[in-house]
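What follows is one structure encoded as structure tokens, with my remarks underneath.
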Amino acid sequence: MLIFPAIDIKDGRCVRLTKGDFSTVQKVADDYMETARAFEKSGSEWIHMVDLDGAKSASPQNRDIFVDVATNTSLKVQVGGGIRTLETIESYINAGITRIILGSIAIENPELVKNATKQFGAEKIVVGIDAKNGMVATNGWLETSKVDFITLAHKMVSFGVRYFVFTDIDKDGTLTGPNHEKTKQLQNEVRAFGGNVVASGGIKAIDDIKTLKTNGIYGAICGKSLYSGSLDLAEAIQIGKGV
């Protein structure tokens, strides 16, 4: 199981939110590059980065930061937030970003996800499924659709999508543990199609990592737990590898 340490960017700063609420924004680190290199030093191969300004405005706002990390560290960078066009996806990939997360657009323009997967390949495209009470939320989690998270996943795998990030919004940033039930349900639904689910939201301690691994989850995104000190990144990576 892969571990994805996370950096969320708002106004150029490293921050965390609670349950996606922008009024709860909290600065968690002084320097994104210093933080990324600390993750790298702990043995991480990946980093998960979110453009919070982009998610809210529906267009990339912090691109240079993500490209800087991709260019000046050995980390594979996974980026989401405000990505709405094939041109933006291509620009990120050409700049060295490893995977692109498409969230709201999977609801608003699913054909774009289909075309992106066909044009850039399944290894490059991730669909972010952010759910509240099982229903998919969009536009920086400011709106909730009438689409069930499993229904969306089935549609996406029919387009060739093989990677998903699943976030239970009510768990995000709470350090109360991820929604193991729904995460496992989603992984079981997409596994037959070669699908892989990355758990996000609520991860607090090493026991959460162990449970996700036992449940056959592909990956885990860890944010607030790393900044608060409740989870040791190096240990989580070793558990993920089965060491």
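Naming works like this for the structure tokens: A, B, ... for the chains as they're shown, residue 1 at the start of each chain, ligands 1 onward in shown order.
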Would you kindly return, as JSON, numbers by chain, each protein, DNA or RNA residue with an atom no farther than 7 Å from any atom of range 179-183 of chain A, considering only C-alpha atoms and excluding same-chain residues fewer than 2 positions away? {"A": [166, 168, 177, 185, 186, 187, 199]}
Go through range 120-205 of chain A and flag each residue having an atom no more than 10 Å from range 67-89 of chain A; for those, report the closest pair of atoms plus their distance in Å to one decimal, using only C-alpha atoms, ordered by chain and rising number, as JSON lines.
{"residue": "A:Phe120", "atom": "CA", "partner": "A:Ile89", "partner_atom": "CA", "distance": 8.7}
{"residue": "A:Lys124", "atom": "CA", "partner": "A:Gln78", "partner_atom": "CA", "distance": 9.1}
{"residue": "A:Ile125", "atom": "CA", "partner": "A:Ile89", "partner_atom": "CA", "distance": 9.0}
{"residue": "A:Val126", "atom": "CA", "partner": "A:Gln78", "partner_atom": "CA", "distance": 8.7}
{"residue": "A:Val127", "atom": "CA", "partner": "A:Gly80", "partner_atom": "CA", "distance": 9.4}
{"residue": "A:Gly128", "atom": "CA", "partner": "A:Gly80", "partner_atom": "CA", "distance": 8.2}
{"residue": "A:Asn139", "atom": "CA", "partner": "A:Gly82", "partner_atom": "CA", "distance": 8.2}
{"residue": "A:Gly140", "atom": "CA", "partner": "A:Gly81", "partner_atom": "CA", "distance": 7.8}
Sel. of helix (DSSP H, G or I) residues, range 89-240 of chain A, as a ChimeraX atom specification: /A:89-94,105-108,110-120,149-158,180-191,206-214,224-228,233-240
With C-alpha atoms retained, write the just-selected residues as a CSV table (one decimal), in the first residue's frame.
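Generated file (out32.csv):
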chain,number,residue,atom,x,y,z
A,89,ILE,CA,-3.9,18.4,-17.8
A,90,GLU,CA,-1.4,18.3,-20.6
A,91,SER,CA,0.4,21.4,-19.2
A,92,TYR,CA,0.8,19.7,-15.8
A,93,ILE,CA,2.0,16.4,-17.3
A,94,ASN,CA,4.4,18.1,-19.6
A,105,ILE,CA,-15.4,17.7,-13.6
A,106,ALA,CA,-16.3,14.0,-13.3
A,107,ILE,CA,-19.8,15.1,-12.4
A,108,GLU,CA,-20.1,18.2,-14.5
A,110,PRO,CA,-17.7,13.2,-17.5
A,111,GLU,CA,-16.8,13.1,-21.2
A,112,LEU,CA,-13.7,15.1,-20.4
A,113,VAL,CA,-12.6,12.4,-18.0
A,114,LYS,CA,-13.2,9.8,-20.7
A,115,ASN,CA,-11.2,11.8,-23.2
A,116,ALA,CA,-8.4,12.5,-20.7
A,117,THR,CA,-8.0,8.8,-19.8
A,118,LYS,CA,-7.9,7.9,-23.5
A,119,GLN,CA,-5.5,10.7,-24.4
A,120,PHE,CA,-3.0,10.5,-21.5
A,149,PHE,CA,-20.3,7.6,-4.9
A,150,ILE,CA,-20.6,4.0,-6.1
A,151,THR,CA,-22.6,5.0,-9.1
A,152,LEU,CA,-20.0,7.6,-10.1
A,153,ALA,CA,-17.2,5.0,-9.7
A,154,HIS,CA,-19.0,2.5,-12.0
A,155,LYS,CA,-19.3,5.2,-14.7
A,156,MET,CA,-15.7,6.1,-14.4
A,157,VAL,CA,-14.3,2.6,-14.6
A,158,SER,CA,-16.4,2.2,-17.8
A,180,HIS,CA,-13.2,2.2,6.5
A,181,GLU,CA,-16.6,0.8,5.5
A,182,LYS,CA,-17.2,3.0,2.5
A,183,THR,CA,-13.5,3.0,1.4
A,184,LYS,CA,-13.5,-0.8,1.5
A,185,GLN,CA,-16.9,-0.9,-0.3
A,186,LEU,CA,-15.5,1.3,-3.1
A,187,GLN,CA,-12.3,-0.7,-3.4
A,188,ASN,CA,-14.3,-4.0,-3.7
A,189,GLU,CA,-16.6,-2.4,-6.4
A,190,VAL,CA,-13.7,-1.3,-8.7
A,191,ARG,CA,-11.2,-4.2,-8.0
A,206,ILE,CA,-0.7,3.7,12.5
A,207,ASP,CA,-3.6,1.5,13.3
A,208,ASP,CA,-5.6,3.2,10.6
A,209,ILE,CA,-2.8,2.4,8.1
A,210,LYS,CA,-2.8,-1.2,9.2
A,211,THR,CA,-6.6,-1.5,8.8
A,212,LEU,CA,-6.5,0.1,5.3
A,213,LYS,CA,-3.8,-2.4,4.3
A,214,THR,CA,-5.7,-5.3,5.7
A,224,LYS,CA,-3.1,16.5,9.5
A,225,SER,CA,-1.8,13.4,11.2
A,226,LEU,CA,1.7,14.1,10.0
A,227,TYR,CA,1.6,17.8,11.0
A,228,SER,CA,0.1,17.0,14.4
A,233,LEU,CA,5.5,8.9,8.1
A,234,ALA,CA,8.5,6.6,7.9
A,235,GLU,CA,6.7,4.0,10.0
A,236,ALA,CA,3.5,4.3,7.9
A,237,ILE,CA,5.6,3.8,4.7
A,238,GLN,CA,7.1,0.6,6.2
A,239,ILE,CA,3.7,-0.7,7.2
A,240,GLY,CA,2.4,0.0,3.7
Please provide as JSON, numbers by chain all residues within 10 Å of Trp46 in chain A, with the sequence filter that same-chain residues fewer than 2 positions apart are discarded (counting only C-alpha atoms). {"A": [2, 3, 4, 5, 6, 36, 39, 40, 43, 44, 48, 49, 74, 75, 76, 77, 78, 98, 221]}
With N, CA, C and O atoms retained, export the selected residues as a PDB file, in the first residue's frame.
ATOM      1  N   LEU A   2       0.530   2.193  -0.858  1.00  0.00           N
ATOM      2  CA  LEU A   2       1.300   3.426  -0.959  1.00  0.00           C
ATOM      3  C   LEU A   2       0.820   4.459   0.061  1.00  0.00           C
ATOM      4  O   LEU A   2      -0.368   4.556   0.353  1.00  0.00           O
ATOM      5  N   ILE A   3       1.767   5.232   0.567  1.00  0.00           N
ATOM      6  CA  ILE A   3       1.441   6.334   1.474  1.00  0.00           C
ATOM      7  C   ILE A   3       1.699   7.648   0.744  1.00  0.00           C
ATOM      8  O   ILE A   3       2.780   7.858   0.178  1.00  0.00           O
ATOM      9  N   PHE A   4       0.697   8.519   0.749  1.00  0.00           N
ATOM     10  CA  PHE A   4       0.780   9.814   0.076  1.00  0.00           C
ATOM     11  C   PHE A   4       0.733  10.932   1.124  1.00  0.00           C
ATOM     12  O   PHE A   4      -0.356  11.345   1.537  1.00  0.00           O
ATOM     13  N   PRO A   5       1.880  11.436   1.574  1.00  0.00           N
ATOM     14  CA  PRO A   5       1.835  12.603   2.458  1.00  0.00           C
ATOM     15  C   PRO A   5       1.269  13.782   1.674  1.00  0.00           C
ATOM     16  O   PRO A   5       1.484  13.901   0.456  1.00  0.00           O
ATOM     17  N   ALA A   6       0.527  14.637   2.368  1.00  0.00           N
ATOM     18  CA  ALA A   6      -0.238  15.673   1.665  1.00  0.00           C
ATOM     19  C   ALA A   6       0.184  17.088   2.021  1.00  0.00           C
ATOM     20  O   ALA A   6       0.514  17.385   3.171  1.00  0.00           O
ATOM     21  N   ALA A  36       8.108  19.197   1.620  1.00  0.00           N
ATOM     22  CA  ALA A  36       8.211  18.127   0.623  1.00  0.00           C
ATOM     23  C   ALA A  36       9.522  17.354   0.781  1.00  0.00           C
ATOM     24  O   ALA A  36       9.547  16.120   0.699  1.00  0.00           O
ATOM     25  N   PHE A  39       9.355  14.981   3.650  1.00  0.00           N
ATOM     26  CA  PHE A  39       8.636  13.770   3.259  1.00  0.00           C
ATOM     27  C   PHE A  39       9.568  12.837   2.479  1.00  0.00           C
ATOM     28  O   PHE A  39       9.589  11.630   2.699  1.00  0.00           O
ATOM     29  N   GLU A  40      10.308  13.423   1.570  1.00  0.00           N
ATOM     30  CA  GLU A  40      11.261  12.671   0.746  1.00  0.00           C
ATOM     31  C   GLU A  40      12.303  11.974   1.628  1.00  0.00           C
ATOM     32  O   GLU A  40      12.603  10.789   1.445  1.00  0.00           O
ATOM     33  N   GLY A  43      11.409   8.784   3.303  1.00  0.00           N
ATOM     34  CA  GLY A  43      11.278   7.602   2.458  1.00  0.00           C
ATOM     35  C   GLY A  43      10.088   7.605   1.520  1.00  0.00           C
ATOM     36  O   GLY A  43       9.822   6.608   0.842  1.00  0.00           O
ATOM     37  N   SER A  44       9.376   8.724   1.469  1.00  0.00           N
ATOM     38  CA  SER A  44       8.207   8.783   0.597  1.00  0.00           C
ATOM     39  C   SER A  44       8.615   8.834  -0.875  1.00  0.00           C
ATOM     40  O   SER A  44       9.587   9.501  -1.237  1.00  0.00           O
ATOM     41  N   HIS A  48       0.978  14.086  -2.348  1.00  0.00           N
ATOM     42  CA  HIS A  48      -0.365  14.470  -2.795  1.00  0.00           C
ATOM     43  C   HIS A  48      -0.520  15.964  -2.525  1.00  0.00           C
ATOM     44  O   HIS A  48      -0.394  16.409  -1.384  1.00  0.00           O
ATOM     45  N   MET A  49      -0.788  16.736  -3.583  1.00  0.00           N
ATOM     46  CA  MET A  49      -0.884  18.189  -3.434  1.00  0.00           C
ATOM     47  C   MET A  49      -2.220  18.693  -3.977  1.00  0.00           C
ATOM     48  O   MET A  49      -2.688  18.236  -5.023  1.00  0.00           O
ATOM     49  N   SER A  74      12.674  14.227  -5.798  1.00  0.00           N
ATOM     50  CA  SER A  74      12.499  12.943  -6.495  1.00  0.00           C
ATOM     51  C   SER A  74      11.074  12.427  -6.364  1.00  0.00           C
ATOM     52  O   SER A  74      10.742  11.354  -6.867  1.00  0.00           O
ATOM     53  N   LEU A  75      10.210  13.186  -5.687  1.00  0.00           N
ATOM     54  CA  LEU A  75       8.844  12.752  -5.409  1.00  0.00           C
ATOM     55  C   LEU A  75       7.986  12.721  -6.675  1.00  0.00           C
ATOM     56  O   LEU A  75       8.084  13.603  -7.529  1.00  0.00           O
ATOM     57  N   LYS A  76       7.142  11.712  -6.750  1.00  0.00           N
ATOM     58  CA  LYS A  76       6.111  11.678  -7.778  1.00  0.00           C
ATOM     59  C   LYS A  76       4.958  12.523  -7.248  1.00  0.00           C
ATOM     60  O   LYS A  76       4.460  12.273  -6.154  1.00  0.00           O
ATOM     61  N   VAL A  77       4.557  13.519  -8.019  1.00  0.00           N
ATOM     62  CA  VAL A  77       3.558  14.480  -7.552  1.00  0.00           C
ATOM     63  C   VAL A  77       2.186  14.158  -8.140  1.00  0.00           C
ATOM     64  O   VAL A  77       2.018  14.020  -9.352  1.00  0.00           O
ATOM     65  N   GLN A  78       1.209  14.062  -7.238  1.00  0.00           N
ATOM     66  CA  GLN A  78      -0.196  13.871  -7.600  1.00  0.00           C
ATOM     67  C   GLN A  78      -0.924  15.159  -7.251  1.00  0.00           C
ATOM     68  O   GLN A  78      -0.898  15.579  -6.097  1.00  0.00           O
ATOM     69  N   THR A  98       3.075  13.690 -12.101  1.00  0.00           N
ATOM     70  CA  THR A  98       2.882  12.269 -12.396  1.00  0.00           C
ATOM     71  C   THR A  98       1.420  11.896 -12.584  1.00  0.00           C
ATOM     72  O   THR A  98       1.074  11.175 -13.524  1.00  0.00           O
ATOM     73  N   ILE A 221      -3.801   8.730   1.979  1.00  0.00           N
ATOM     74  CA  ILE A 221      -3.334  10.113   2.023  1.00  0.00           C
ATOM     75  C   ILE A 221      -3.305  10.562   3.475  1.00  0.00           C
ATOM     76  O   ILE A 221      -4.307  10.441   4.188  1.00  0.00           O
TER      77      ILE A 221
END
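Interatomic distance, CA of Gly134 in chain A against CA of Cys14 in chain A: 28.4 Å.
For the pair CA of Val197 in chain A and CA of Arg16 in chain A, the interatomic distance is 21.9 Å.
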Please provide the set of residues having any atom within 7 Å of Ile129 in chain A, restricted to only C-alpha atoms, with same-chain residues fewer than 5 positions apart removed, written as a ChimeraX atom specification. /A:103,136,149,164-167
Only C-alpha atoms, please: the residues just picked out, written as a PDB file, in the first residue's frame.
ATOM      1  CA  GLY A 103     -12.922  15.854  -9.123  1.00  0.00           C
ATOM      2  CA  VAL A 136     -20.654  13.236  -4.270  1.00  0.00           C
ATOM      3  CA  PHE A 149     -20.313   7.616  -4.894  1.00  0.00           C
ATOM      4  CA  PHE A 164      -9.601   6.880  -7.346  1.00  0.00           C
ATOM      5  CA  VAL A 165      -9.128   9.048  -4.282  1.00  0.00           C
ATOM      6  CA  PHE A 166     -12.045   8.599  -1.915  1.00  0.00           C
ATOM      7  CA  THR A 167     -12.685  11.216   0.757  1.00  0.00           C
TER       8      THR A 167
END
